Amino acid sequence: MWKDLFSSADFMSLPLVTLFLFIGVFVGVACWTFSKKRKSHYDLMAQMPLEGRPHDGFDSHRDTNTNTTKEELR
Amino acid sequence: MTDTAVAASTKRITYDDAVVRGFILFSVVWGIVGMLVGLLCAFQLAFPALNFDTSFLTFGRIRPLHTNAVIFALVGNMLFAGIYHSSQRLLKTRMASDLLSRVHLYGWQLIILGAALTLPLGITQSKEYAELEWWLDIMVALVWVAFAINYFWTLAVRNEKNLYVAIWFYIATIITIAVLYIVNNLAVPLDGMKSYGVFAGAQDALTQWWYGHNAVAFFLTTPILGIMYYYLPKAAERPVYSYRLSIIHFWALIFIYIWAGPHHLLYTALPDWAQSLGMLFSLMLWAPSWGGMLNGLLTLRGAWHKVRTDPVLKFFVAGVTFYGMATFEGPLLSIKSVSALGHYTDWIIGHVHGGALGWNGFMAAGLFYWLVPKLYGTKLHSSKLADVHFWLGTFGILIYIVSMWISGVTHGLMWRAENADGALEYRDWATIIDAVIPMYHLRALGGALYIVGWILMMWNLWKTVAGKKPVDAEAEVTVLEKVDAPSSVRLIFSRPVLLSFLGLVATLFLWRNNVIVAAVALAALVFICVLAWLRYQSAQREEFRWHDYIERRPLAFSVLVGLAIIAGGVVELLPGLLMTREVPMTDAGKVAVKPYTPLELEGRDVYVSEGCYVCHSQMIRPFLSEKKRYGDPSRIEESMWDHPFQWGSKRTGPDLARVGQKYGATWHYEHMLDPRRMSEGSIMPKYPWLLTDKIDPAKTKHKLKIMRALGVPYEKEEFELAEQKYREQAGVIVKELTDYGVDVDEDSKLVALIGYLLRLGKNEKPSTTIAAPAATNGERKGD
């Protein structure tokens, strides 16, 4: 079946189809990412590196992270 | 929510920071070695005597050492340090296996040691950034697997439900590099020191630059972006400017970057469609890359005053800015007309150093200044010194880039300049070299400044940690128990994924020649789209949100990223790999492109081993000026038996694709032993050892056997005749040299190399061009 497919297809088309498919999926993901509903989720996610910040200063070596589940804040 | 997390208990954990310290140490130390080798390379181009007429110090062998060392040792160790440190904190758990972490740490250094020993000895596959021979490749694969197992295991036992975007970038790195590295290094070993890649000619070129480009994307870019998205907010003490943008940035790299490889092969014998695709995707990369850069810079909103005083932020800001510069220049260079001018010149060298020194090197410095004091529970020894480092580095990079711009554009213009009669204005290569030698001096100065900065950093970090005890950070974490979450398998086979797959299949059938099939496929496609829309609508109302879960299921996430990467790769490579390798015939019924004779094959291996490809291309582009200088443009079938291809990427010397039509054996003899005897002002190294180093022609038959197994049309009868044929052909060259008055051993490498050089460009034109599947739309201009 595959051989059949390739022999009948112009070889320009396979990459082109996939190209459009990839662009399509990418645009889809982009739209979804910018959908309004997700804002609070993103705000939470963006805080992740900053947890335990007060203990991260140059004069301390303790990384005391506490992780109250984010779900509660949602 | 079906996925509810229940806080079962809290637990005190200690992070494995020792492995982080290890990677940092090796990065800093290998880094200085790798950059010093680079500096030697820079000086050799200005003063060829600095090759010391010594095989293992010669430019062709140590340039690959430089690139491998800075990519895999400096940046590699740095990114591993960042990944191990930030992942443990983001996942709120210690790495799953200390043993695997150590296997990764020390295994990686062993590989680098292997590279440092083999590359100067001329043991190389000659594919750029994939030069390491097969057994080192296997080691790389094994260590990478240890890394991957450890990482996914850690993800499985994590105490944090959500995966921060940095983790996505790391996962993509682990998966993609594994795929790229294995495919590009597929080879059949000859013995412990030599192998032949399974791909040849155009296929090999396509595979190599699919790898080469994506190594830049997924080794030098994605993991460092992950590091940026974690450490920049940390250092600036504010969250990333737009988390959304960081997600877009990620998917853009996955869906778009992976395609851009062919921009390294513009105006080569590669089919046109592949070139255009490479250019198109490269241009599309502009947006997400700049989005990413701005996202990084805007993270500092309201904190710009800190940049003035904090060396860490200084390095990060400059690093991200250089990322923006390099990702602006890259797409620019992949526009065909710009590529026509810039390709093969020093412009490209400047471009990569903007990325390497500016983006990778500065991000590394920022990371180390931030991390090392913390890993020893202390403060940085001197912020002032770090400032000095910053300014030395910045000036060094600017001098480097600007000198390479000038030199590159000068070369590009001189190569094509014509006088009033339409003849080449600068036929003599020495004049062309002469014009840029001052730029080569400047470049060495820029590099030296950068290295001095790096040494200051080493000193500064040393003073910071001297006498201090290493500390491993601890944390109190809540152990999560997961209840009733959909499995990864269920996610992969979930409707969005299945619908996308069906859509792809239906689309493929659109291109069938049969109208009915196409119509049905179209209908199916419309149906699938409607279904997807309905599904999306209902998902908005339901609790189960597919991507939310994917985001939290690293396995499903990884499989999908892997599929996207592989799909992109297959589609890009497939047409090339399906090209027939029928023996091309001339109108007169003769074989047009004959496989190499035993002598030529051995000579070719000398060419590969000496790394002549780092200075010479074998790919004449379809421009009038190149035709005048080198002869007819290269045709795709001319390299069809070349395992590996030798198209090259840089013309420090002239193209050699048709040099066989130009000189005789005696000229090559003199030139190889002292290029300046034949070409005053040449910067090519001398190769005196080729006179004394020997080849064993009795063993050539084994090479023929492998070549035959790989599809090169040698007859079985030729195996036993190989040595005899070798000696016959070598004898002719030796005789010519004896008549000329010099004594040369028949078995010397020099004779084999001359045999190969004399052969270059002596193929006949076949009656039909090679059956590249796209040959119909691939008609090239210059033919």
# chains A, B, ... in the order shown; residues from 1 in each chain; ligands from 1
>>> residues_around(residues="Leu297 of chain B", least_positions_apart="4", cutoff="8 Å", atoms="only C-alpha atoms", output="ChimeraX atom specification")
/B:293,301,317,320-321
>>> closest_residue(among="B:Leu758, B:Val559, B:Leu601, B:Leu656", to="Cys615 of chain B", atoms="only C-alpha atoms")
B:Leu656
>>> closest_residue(among="B:Ala235, B:Met457, B:Ile451, B:Val33", to="chain A", atoms="only C-alpha atoms")
B:Ala235
>>> select_by_dssp(residues="segment 307-382 of chain B", states="helix (DSSP H, G or I)", output="PyMOL selection string")
chain B and resi 307-309+311-333+336-342+346-375
>>> atom_distance(atom1="atom CA of Thr597 of chain B", atom2="atom CA of Val712 of chain B")
11.8 Å
>>> atom_distance(atom1="atom CA of Gly76 of chain B", atom2="atom CA of Ala130 of chain B")
14.3 Å
>>> atom_distance(atom1="atom CA of Leu100 of chain B", atom2="atom CA of Ala146 of chain B")
5.8 Å
>>> residues_around(residues="segment 21-30 of chain A", least_positions_apart="5", cutoff="8 Å", atoms="only C-alpha atoms", output="VMD selection string")
chain B and resid 248 251 to 252 255 to 256 504
